[in-house]
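K.L.:
Below you'll find structure01.txt; it's compact mmCIF, C-alpha atoms.
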```
# COMPACT_ATOMS: atom_id res chain seq x y z
CA MET W 15 -8.43 2.00 -2.19
CA GLU W 16 -9.36 5.43 -3.57
CA LEU W 17 -9.82 6.09 -7.25
CA ILE W 18 -7.05 8.07 -8.91
CA PHE W 19 -9.50 10.90 -9.62
CA PHE W 20 -9.78 11.56 -5.88
CA ALA W 21 -6.03 11.52 -5.22
CA GLU W 22 -4.22 14.50 -3.75
CA PRO W 23 -3.27 17.09 -6.41
CA GLU W 24 0.46 16.50 -5.86
CA THR W 25 -0.03 12.74 -6.24
CA LEU W 26 -2.14 13.20 -9.35
CA ILE W 27 0.47 15.45 -10.98
CA SER W 28 3.27 13.00 -10.14
CA THR W 29 1.17 10.14 -11.49
CA ILE W 30 0.56 11.89 -14.81
CA ILE W 31 4.16 13.05 -15.26
CA LEU W 32 5.69 9.67 -14.41
CA GLY W 33 3.04 7.89 -16.46
CA ILE W 34 4.22 9.90 -19.48
CA LEU W 35 7.81 9.00 -18.57
CA GLY W 36 6.68 5.37 -18.46
CA MET W 37 5.38 5.65 -22.03
CA LEU W 38 8.75 7.02 -23.15
CA ILE W 39 10.49 4.16 -21.37
CA GLY W 40 8.04 1.78 -23.08
CA SER W 41 9.29 3.08 -26.43
CA PHE W 42 12.84 2.24 -25.34
CA LEU W 43 11.70 -1.17 -24.07
CA ASN W 44 10.46 -1.94 -27.59
CA VAL W 45 14.08 -1.55 -28.71
CA VAL W 46 15.35 -3.72 -25.82
CA ILE W 47 12.80 -6.45 -26.54
CA TYR W 48 13.68 -6.55 -30.23
CA ARG W 49 17.44 -6.06 -30.10
CA LEU W 50 18.72 -7.68 -26.90
CA PRO W 51 18.14 -11.29 -28.08
CA LYS W 52 19.74 -10.43 -31.42
CA MET W 53 22.71 -8.88 -29.61
CA MET W 54 23.13 -12.06 -27.58
CA GLN W 55 22.98 -14.23 -30.72
CA ARG W 56 25.47 -12.02 -32.55
CA GLU W 57 27.86 -12.10 -29.61
CA SER W 58 27.60 -15.89 -29.48
CA ASP W 59 28.19 -16.22 -33.24
CA ASN W 60 31.22 -13.92 -33.11
CA TYR W 61 32.67 -15.80 -30.15
CA VAL W 62 32.36 -19.17 -31.91
CA ALA W 63 33.91 -17.74 -35.08
CA GLN W 64 36.75 -16.12 -33.14
CA GLU W 65 37.53 -19.36 -31.29
CA SER W 66 37.58 -21.21 -34.62
CA GLY W 67 39.83 -18.63 -36.25
CA LYS W 68 37.14 -17.69 -38.76
CA GLU W 69 36.00 -14.28 -39.96
CA LEU W 70 33.50 -12.63 -37.65
CA PRO W 71 29.98 -13.05 -39.08
CA HIS W 72 28.77 -9.80 -37.43
CA PRO W 73 31.60 -7.22 -37.44
CA GLU W 74 29.29 -4.18 -37.59
CA HIS W 75 28.11 -2.26 -34.51
CA TYR W 76 24.75 -3.46 -33.23
CA ASN W 77 23.51 -2.42 -29.81
CA LEU W 78 20.59 -0.62 -28.19
CA MET W 79 21.66 2.69 -29.76
CA LEU W 80 23.12 1.74 -33.15
CA PRO W 81 21.95 1.49 -35.85
CA ARG W 82 19.03 3.91 -35.66
CA SER W 83 15.54 2.43 -35.67
CA ALA W 84 14.21 1.95 -39.19
CA CYS W 85 11.33 0.37 -41.07
CA PRO W 86 12.15 -3.34 -41.59
CA SER W 87 10.45 -3.25 -45.00
CA CYS W 88 12.09 -0.26 -46.71
CA GLY W 89 14.81 0.89 -44.30
CA HIS W 90 13.26 4.31 -43.73
CA GLN W 91 14.82 5.75 -40.55
CA ILE W 92 12.27 6.60 -37.88
CA THR W 93 12.23 10.33 -37.17
CA ALA W 94 11.65 11.91 -33.76
CA LEU W 95 8.12 12.94 -34.71
CA GLU W 96 7.35 9.37 -35.79
CA ASN W 97 8.63 8.04 -32.47
CA ILE W 98 6.28 9.73 -29.99
CA PRO W 99 4.84 6.89 -27.87
CA VAL W 100 1.33 5.76 -28.90
CA PHE W 101 0.40 9.09 -30.51
CA SER W 102 2.72 8.75 -33.51
CA TYR W 103 1.29 5.32 -34.25
CA LEU W 104 -2.25 6.73 -34.23
CA ILE W 105 -1.34 9.79 -36.31
CA ILE W 106 0.43 7.84 -39.07
CA GLY W 107 -2.28 5.19 -39.06
CA GLY W 108 -0.03 2.31 -38.02
CA LYS W 109 1.87 2.42 -41.33
CA CYS W 110 5.38 3.41 -42.41
CA THR W 111 5.31 6.97 -43.75
CA SER W 112 7.59 5.93 -46.61
CA CYS W 113 6.46 2.52 -47.91
CA LYS W 114 3.08 2.26 -46.12
CA ALA W 115 3.98 -1.15 -44.67
CA HIS W 116 1.95 -2.02 -41.58
CA ILE W 117 3.59 -1.48 -38.19
CA SER W 118 2.82 -4.03 -35.48
CA LYS W 119 0.23 -2.95 -32.92
CA ARG W 120 2.46 -4.43 -30.27
CA TYR W 121 4.71 -1.35 -30.22
CA PRO W 122 2.07 1.12 -29.00
CA MET W 123 0.60 -1.60 -26.78
CA ILE W 124 3.91 -2.01 -24.92
CA GLU W 125 4.25 1.77 -24.61
CA ALA W 126 0.71 2.07 -23.22
CA ILE W 127 1.14 -0.86 -20.81
CA THR W 128 4.41 0.55 -19.49
CA GLY W 129 2.90 4.01 -19.08
CA LEU W 130 -0.19 2.74 -17.28
CA LEU W 131 1.79 0.47 -14.96
CA SER W 132 4.23 3.28 -14.17
CA ALA W 133 1.37 5.66 -13.36
CA PHE W 134 -0.35 3.05 -11.21
CA MET W 135 2.80 2.34 -9.19
CA ILE W 136 3.30 6.04 -8.44
CA TRP W 137 -0.36 6.45 -7.50
CA HIS W 138 -0.29 3.37 -5.27
CA PHE W 139 3.12 3.81 -3.60
CA GLY W 140 3.69 7.55 -4.00
CA SER W 141 6.57 9.33 -5.70
CA GLY W 142 9.12 8.44 -3.03
CA LEU W 143 11.57 5.56 -3.05
CA PRO W 144 8.92 2.78 -2.99
CA GLY W 145 7.03 4.28 -5.94
CA LEU W 146 10.12 4.91 -8.03
CA GLY W 147 11.46 1.47 -7.19
CA ALA W 148 8.15 -0.18 -8.12
CA MET W 149 8.17 1.71 -11.41
CA VAL W 150 11.62 0.40 -12.34
CA PHE W 151 10.52 -3.06 -11.19
CA VAL W 152 7.68 -3.16 -13.74
CA TRP W 153 9.92 -1.79 -16.50
CA PHE W 154 12.21 -4.78 -16.15
CA LEU W 155 9.28 -7.20 -15.98
CA VAL W 156 7.62 -5.78 -19.11
CA ALA W 157 10.85 -6.25 -21.08
CA MET W 158 11.39 -9.79 -19.80
CA THR W 159 7.76 -10.77 -20.40
CA PHE W 160 7.90 -10.03 -24.11
CA ILE W 161 11.44 -11.29 -24.64
CA ASP W 162 10.55 -14.61 -23.02
CA ALA W 163 7.31 -14.83 -25.00
CA ASP W 164 9.23 -14.26 -28.24
CA THR W 165 12.40 -16.27 -27.66
CA GLN W 166 11.94 -18.30 -24.44
CA LEU W 167 14.96 -16.49 -23.04
CA LEU W 168 15.36 -14.45 -19.86
CA PRO W 169 18.67 -12.63 -20.37
CA ASP W 170 21.13 -12.26 -17.50
CA ASP W 171 21.44 -8.63 -18.58
CA LEU W 172 17.94 -8.13 -17.14
CA THR W 173 17.46 -10.76 -14.42
CA LEU W 174 20.71 -10.08 -12.56
CA PRO W 175 20.41 -6.26 -12.39
CA LEU W 176 16.82 -6.74 -11.19
CA LEU W 177 18.02 -9.10 -8.46
CA TRP W 178 20.81 -6.78 -7.27
CA GLY W 179 18.49 -3.79 -7.49
CA GLY W 180 16.03 -5.50 -5.16
CA LEU W 181 18.73 -6.26 -2.61
CA LEU W 182 20.12 -2.73 -2.71
CA LEU W 183 16.67 -1.16 -2.43
CA ASN W 184 15.82 -3.29 0.59
CA ILE W 185 18.88 -2.04 2.45
CA PHE W 186 16.38 0.66 3.43
CA SER W 187 13.61 -1.94 4.07
CA THR W 188 11.67 -0.45 1.16
CA PHE W 189 9.49 -3.51 0.53
CA THR W 190 10.89 -5.98 3.04
CA SER W 191 13.86 -6.29 5.37
CA LEU W 192 17.30 -6.94 3.89
CA GLU W 193 17.42 -10.27 5.71
CA ASN W 194 14.13 -11.38 4.12
CA ALA W 195 15.34 -10.13 0.73
CA VAL W 196 18.57 -12.16 0.86
CA ILE W 197 16.72 -15.29 1.98
CA GLY W 198 14.09 -14.61 -0.70
CA ALA W 199 16.73 -14.42 -3.44
CA ALA W 200 18.34 -17.69 -2.36
CA ALA W 201 15.03 -19.49 -1.77
CA GLY W 202 13.59 -18.24 -5.07
CA TYR W 203 16.50 -19.63 -7.05
CA LEU W 204 16.77 -22.91 -5.17
CA SER W 205 13.04 -23.67 -5.27
CA LEU W 206 12.78 -23.71 -9.07
CA TRP W 207 16.26 -25.20 -9.37
CA SER W 208 15.05 -28.16 -7.29
CA VAL W 209 11.89 -28.53 -9.37
CA TYR W 210 14.01 -28.44 -12.55
CA TRP W 211 16.28 -31.27 -11.44
CA LEU W 212 13.50 -33.40 -10.00
CA PHE W 213 11.59 -33.11 -13.28
CA LYS W 214 14.70 -33.84 -15.32
CA LEU W 215 15.58 -36.90 -13.25
CA ALA W 216 12.01 -38.20 -13.51
CA THR W 217 11.44 -37.54 -17.23
CA GLY W 218 14.84 -36.92 -18.78
CA LYS W 219 13.51 -33.59 -20.10
CA GLU W 220 14.08 -29.97 -19.12
CA GLY W 221 10.88 -28.41 -17.78
CA MET W 222 12.13 -24.81 -17.56
CA GLY W 223 15.17 -22.65 -18.19
CA PHE W 224 17.75 -21.26 -15.81
CA GLY W 225 16.42 -17.77 -16.48
CA ASP W 226 13.25 -18.70 -14.60
CA PHE W 227 15.33 -19.51 -11.49
CA LYS W 228 17.02 -16.12 -11.69
CA LEU W 229 13.77 -14.24 -12.23
CA LEU W 230 12.16 -15.85 -9.18
CA ALA W 231 15.33 -15.09 -7.22
CA ALA W 232 14.97 -11.44 -8.28
CA LEU W 233 11.32 -11.39 -7.19
CA GLY W 234 12.39 -12.87 -3.86
CA ALA W 235 15.04 -10.15 -3.51
CA TRP W 236 12.40 -7.44 -4.02
CA LEU W 237 9.52 -8.90 -2.01
CA GLY W 238 11.12 -11.27 0.50
CA TRP W 239 10.86 -15.01 1.02
CA SER W 240 7.35 -14.86 2.47
CA MET W 241 5.90 -13.81 -0.90
CA LEU W 242 7.43 -16.72 -2.83
CA PRO W 243 4.59 -19.23 -2.18
CA LEU W 244 2.04 -16.69 -3.39
CA ILE W 245 4.12 -15.86 -6.50
CA ILE W 246 4.55 -19.54 -7.39
CA LEU W 247 0.85 -20.25 -6.81
CA LEU W 248 -0.32 -17.24 -8.85
CA SER W 249 2.11 -17.85 -11.72
CA SER W 250 1.13 -21.53 -11.92
CA ALA W 251 -2.57 -20.66 -11.92
CA VAL W 252 -2.21 -17.95 -14.57
CA GLY W 253 0.01 -20.22 -16.67
CA ALA W 254 -2.46 -23.09 -16.47
CA ILE W 255 -5.42 -20.88 -17.42
CA ILE W 256 -3.66 -19.25 -20.37
CA GLY W 257 -2.04 -22.49 -21.52
CA ILE W 258 -5.31 -24.44 -21.50
CA SER W 259 -7.10 -21.57 -23.24
CA MET W 260 -4.47 -21.46 -26.00
CA ILE W 261 -4.69 -25.23 -26.51
CA VAL W 262 -8.49 -25.09 -26.70
CA LEU W 263 -8.33 -22.22 -29.20
CA GLY W 264 -5.75 -24.09 -31.26
CA LYS W 265 -3.06 -21.46 -30.80
CA LEU W 266 -0.66 -23.78 -29.01
CA GLY W 267 0.50 -27.05 -30.53
CA LYS W 268 0.89 -30.20 -28.48
CA GLY W 269 4.35 -30.52 -26.98
CA LYS W 270 5.24 -26.88 -27.72
CA PRO W 271 7.03 -25.35 -24.72
CA ILE W 272 5.31 -22.52 -22.84
CA PRO W 273 7.51 -19.71 -21.45
CA PHE W 274 7.07 -19.40 -17.69
CA GLY W 275 8.66 -15.96 -17.33
CA PRO W 276 5.55 -13.93 -18.28
CA TYR W 277 3.50 -15.70 -15.61
CA LEU W 278 6.17 -15.09 -12.98
CA ALA W 279 6.21 -11.43 -14.02
CA ILE W 280 2.43 -11.07 -13.70
CA ALA W 281 2.49 -12.81 -10.33
CA GLY W 282 5.36 -10.56 -9.21
CA VAL W 283 3.40 -7.39 -9.98
CA VAL W 284 0.30 -8.73 -8.20
CA ALA W 285 2.38 -9.74 -5.17
CA LEU W 286 4.12 -6.34 -5.07
CA VAL W 287 0.82 -4.44 -4.94
CA TRP W 288 -1.62 -6.81 -3.24
CA GLY W 289 0.58 -9.58 -1.85
CA LYS W 290 0.25 -8.69 1.84
CA THR W 291 -3.52 -8.21 1.52
CA LEU W 292 -3.99 -11.55 -0.25
CA THR W 293 -1.77 -13.37 2.25
CA ASN W 294 -3.58 -11.88 5.24
CA GLN W 295 -6.99 -12.74 3.77
CA TYR W 296 -5.87 -16.32 3.15
CA LEU W 297 -4.52 -16.70 6.68
CA GLY W 298 -7.72 -15.17 8.02
CA MET W 299 -9.80 -17.76 6.15
CA ILE W 300 -7.71 -20.57 7.63
CA ASN W 301 -7.99 -19.21 11.15
```
How does this structure look as structure tokens?
P.N.:
Amino acid sequence: MELIFFAEPETLISTIILGILGMLIGSFLNVVIYRLPKMMQRESDNYVAQESGKELPHPEHYNLMLPRSACPSCGHQITALENIPVFSYLIIGGKCTSCKAHISKRYPMIEAITGLLSAFMIWHFGSGLPGLGAMVFVWFLVAMTFIDADTQLLPDDLTLPLLWGGLLLNIFSTFTSLENAVIGAAAGYLSLWSVYWLFKLATGKEGMGFGDFKLLAALGAWLGWSMLPLIILLSSAVGAIIGISMIVLGKLGKGKPIPFGPYLAIAGVVALVWGKTLTNQYLGMIN
């Protein structure tokens, strides 16, 4: 694989431009990650209150656009100049320009990660349909990774569009045939669904959430059924390594649930880019 510095000029320009777009999308993903779980909770609270004939606890508008982003400490509304991905954070020193409260480093980190992943996908796949599709693929996975890490939720508003997007994209056999994509979606869901019920019958406990089934179904829809064993193996390995490390470092209490979505997301990105190479190398070692 060639280094990006030796890419064709057209590819390099596309990579830079769409990498910058990825950073802008990362800024929007920060809003999605923070607000979408709150929107779901508010909707649930309002529904329960409405069914009970009570006053709605959240009558005000709250979505991805309203109200405008503001400092949680003093309510200072974020201006356009304060909202430039990564650079604004560095220029204002990671503090609110009004009250000087510290701003989490996670915001520029998510913007940078999204920008770098977007640029890498365009460089690797090109700026055609596969590259643009791969870029959208990682946008969804970045959002779901951090939402699941924060709340242990994988919203249907993200998993289901990702699943349908994979099926639609593979009408053109972008990453796999449509037949493999449909089988991958069904097999991805049913595999973790089976593990869930076997674990629950054996222990009486829930080992994972339904969102994990839907996310693996979405990965199957994008990459096909043949990538599912690799995704499950990689996600389990990454989860085990990180989980054990967190326990050893004392950052994870005994019995505290570990979200599986981030590990599926990491495995999905690896399988998208290097899945065929890894599978062929493994089969070659066996033969």
K.L.:
Would you tabulate, counting only C-alpha atoms, all residues of stretch 47-67 of chain W that have an atom at most 12 Å from an atom of stretch 147-163 of chain W, showing the closest pair of atoms and their distance in Å to one decimal, sorted by chain then ascending number, as CSV?
P.N.:
```
residue,atom,partner,partner_atom,distance
W:Ile47,CA,W:Ile161,CA,5.4
W:Tyr48,CA,W:Ile161,CA,7.7
W:Arg49,CA,W:Ile161,CA,9.7
W:Leu50,CA,W:Ile161,CA,8.4
W:Pro51,CA,W:Ile161,CA,7.5
W:Lys52,CA,W:Ile161,CA,10.8
```
K.L.:
Restricting it to C-alpha atoms, dump the selection as a CSV table (one decimal), keeping the file's coordinate frame.
P.N.:
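Saved to out22.csv:
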```
chain,number,residue,atom,x,y,z
W,47,ILE,CA,12.8,-6.4,-26.5
W,48,TYR,CA,13.7,-6.6,-30.2
W,49,ARG,CA,17.4,-6.1,-30.1
W,50,LEU,CA,18.7,-7.7,-26.9
W,51,PRO,CA,18.1,-11.3,-28.1
W,52,LYS,CA,19.7,-10.4,-31.4
```
K.L.:
When you draw a straight line from atom CA of W:Met54 to atom CA of W:Leu174, how long is it in Å?
P.N.:
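Result for atom CA of W:Met54 versus atom CA of W:Leu174: 15.3 Å, one decimal.
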K.L.:
Kindly indicate which residue among W:Trp207, W:Trp236, W:Tyr121, W:Phe134 lies nearest to W:Gly180, using all atoms listed in the file for the distances.
P.N.:
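For W:Gly180, the nearest of the candidates is W:Trp236.
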K.L.:
From the set W:Leu80, W:Leu70, W:Leu206, W:Ile34, which residue has the shortest atom-to-atom contact distance to W:Gly129, counting only C-alpha atoms?
P.N.:
W:Ile34
K.L.:
How would you write as a list in words the residues that get within 9 Å of (11.9, -10.0, -6.9) in the file's frame, counting all atoms listed in the file?
P.N.:
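The requested residues, written out, are Phe151, Leu176, Leu177, Gly180, Leu181, Ala195, Gly198, Ala199, Gly202, Leu229, Leu230, Ala231, Ala232, Leu233, Gly234, Ala235, Trp236, Leu237, Gly238, Gly282 and Leu286 of chain W.
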K.L.:
Distance atom CA of W:Ser58-atom CA of W:His72, one decimal place?
P.N.:
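Calculated distance between atom CA of W:Ser58 and atom CA of W:His72 is 10.1 Å.
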K.L.:
Atom CA of W:Ala115 and atom CA of W:Ser87, how far apart in Å?
P.N.:
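Answer for the atom CA of W:Ser87 to atom CA of W:Ala115 separation: 6.8 Å.
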K.L.:
Taking only C-alpha atoms into account, which of W:Cys110, W:Met241, W:Met135, W:Leu104 comes nearest W:Cys85?
P.N.:
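Between W:Cys110, W:Met241, W:Met135, W:Leu104, the residue approaching W:Cys85 most closely is W:Cys110.
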K.L.:
Of the candidates W:Ile98, W:Ala63, W:Ala133, W:Cys88, which shows the shortest atom-to-atom distance to W:Gly36, using only C-alpha atoms?
P.N.:
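Checking each candidate against W:Gly36, we get W:Ala133 as the closest.
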K.L.:
When you count all atoms listed in the file, which of these residues is closest to W:Ile136: W:Ala216, W:Leu26, W:Ala254, W:Leu172?
P.N.:
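So, comparing all the options, the nearest one is W:Leu26.
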K.L.:
With 9 Å as the threshold, what does the neighbourhood of (8.1, -0.6, -38.6) contain in terms of residues, counting only C-alpha atoms? Coordinates are those of the file; answer as an MDAnalysis selection string.
P.N.:
chainID W and resid 83:87 89:90 92 108:110 115:118
K.L.:
Give the answer as one residue: which of W:Ser28, W:Ser102, W:Ser259, W:Thr291 has the shortest atom-to-atom distance to W:Gly140, using all atoms listed in the file?
P.N.:
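Selected residue with least distance to W:Gly140: W:Ser28.
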K.L.:
Could you write out as AutoDock Vina command-line options the box around stretch 119-133 of chain W (axis-aligned, all atoms listed in the file, 6 Å on each side), with centre and edge lengths in Å to one decimal?
P.N.:
```
--center_x 2.3 --center_y 0.6 --center_z -23.1 --size_x 16.9 --size_y 22.1 --size_z 31.6
```
K.L.:
Show which residues sit within 10 Å of W:Ser240, as a PyMOL selection string. Count only C-alpha atoms, and ignore same-chain residues fewer than 3 positions away.
P.N.:
chain W and resi 190+194-195+197-198+201+234+237+243-245+289-290+293
K.L.:
Can you pull out the residues contacting W:Tyr210? Cut-off 8 Å, using all atoms listed in the file, and skip same-chain residues under 3 positions away; I want them as a PDB file with C-alpha atoms, in the frame of the given file.
P.N.:
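Output contents, as saved in part_36.pdb:
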```pdb
ATOM      1  CA  LEU W 206      12.780 -23.710  -9.070  1.00  0.00           C
ATOM      2  CA  TRP W 207      16.260 -25.200  -9.370  1.00  0.00           C
ATOM      3  CA  PHE W 213      11.590 -33.110 -13.280  1.00  0.00           C
ATOM      4  CA  LYS W 214      14.700 -33.840 -15.320  1.00  0.00           C
ATOM      5  CA  GLU W 220      14.080 -29.970 -19.120  1.00  0.00           C
ATOM      6  CA  GLY W 221      10.880 -28.410 -17.780  1.00  0.00           C
ATOM      7  CA  MET W 222      12.130 -24.810 -17.560  1.00  0.00           C
TER       8      MET W 222
END
```
K.L.:
Is it possible to add N, CA, C and O atoms to stretch 184-198 of chain W and hand it back as a CSV table (one decimal), in the coordinates of the input?
P.N.:
```csv
chain,number,residue,atom,x,y,z
W,184,ASN,N,16.3,-2.8,-0.7
W,184,ASN,CA,15.8,-3.3,0.6
W,184,ASN,C,16.8,-3.1,1.7
W,184,ASN,O,16.6,-3.5,2.8
W,185,ILE,N,18.0,-2.5,1.4
W,185,ILE,CA,18.9,-2.0,2.4
W,185,ILE,C,18.1,-1.1,3.3
W,185,ILE,O,18.3,-1.0,4.6
W,186,PHE,N,17.2,-0.3,2.7
W,186,PHE,CA,16.4,0.7,3.4
W,186,PHE,C,15.0,0.1,3.8
W,186,PHE,O,14.1,0.8,4.2
W,187,SER,N,14.9,-1.3,3.7
W,187,SER,CA,13.6,-1.9,4.1
W,187,SER,C,12.4,-1.3,3.3
W,187,SER,O,11.4,-1.1,3.8
W,188,THR,N,12.7,-1.1,2.0
W,188,THR,CA,11.7,-0.4,1.2
W,188,THR,C,10.4,-1.3,1.0
W,188,THR,O,9.3,-0.8,1.2
W,189,PHE,N,10.6,-2.6,0.7
W,189,PHE,CA,9.5,-3.5,0.5
W,189,PHE,C,9.5,-4.7,1.5
W,189,PHE,O,8.5,-5.3,1.8
W,190,THR,N,10.7,-4.9,2.0
W,190,THR,CA,10.9,-6.0,3.0
W,190,THR,C,12.2,-5.7,3.7
W,190,THR,O,13.0,-4.9,3.2
W,191,SER,N,12.6,-6.5,4.7
W,191,SER,CA,13.9,-6.3,5.4
W,191,SER,C,15.0,-6.9,4.5
W,191,SER,O,14.7,-7.8,3.6
W,192,LEU,N,16.2,-6.4,4.7
W,192,LEU,CA,17.3,-6.9,3.9
W,192,LEU,C,17.5,-8.4,4.1
W,192,LEU,O,17.8,-9.2,3.2
W,193,GLU,N,17.3,-8.8,5.4
W,193,GLU,CA,17.4,-10.3,5.7
W,193,GLU,C,16.4,-11.1,4.9
W,193,GLU,O,16.8,-12.1,4.3
W,194,ASN,N,15.2,-10.7,4.9
W,194,ASN,CA,14.1,-11.4,4.1
W,194,ASN,C,14.4,-11.4,2.6
W,194,ASN,O,14.1,-12.3,1.9
W,195,ALA,N,15.0,-10.2,2.2
W,195,ALA,CA,15.3,-10.1,0.7
W,195,ALA,C,16.4,-11.1,0.3
W,195,ALA,O,16.4,-11.8,-0.7
W,196,VAL,N,17.5,-11.2,1.2
W,196,VAL,CA,18.6,-12.2,0.9
W,196,VAL,C,18.1,-13.6,0.9
W,196,VAL,O,18.4,-14.4,0.0
W,197,ILE,N,17.3,-13.9,1.9
W,197,ILE,CA,16.7,-15.3,2.0
W,197,ILE,C,15.8,-15.5,0.8
W,197,ILE,O,15.8,-16.6,0.2
W,198,GLY,N,15.0,-14.5,0.4
W,198,GLY,CA,14.1,-14.6,-0.7
W,198,GLY,C,14.8,-14.9,-2.0
W,198,GLY,O,14.4,-15.7,-2.8
```
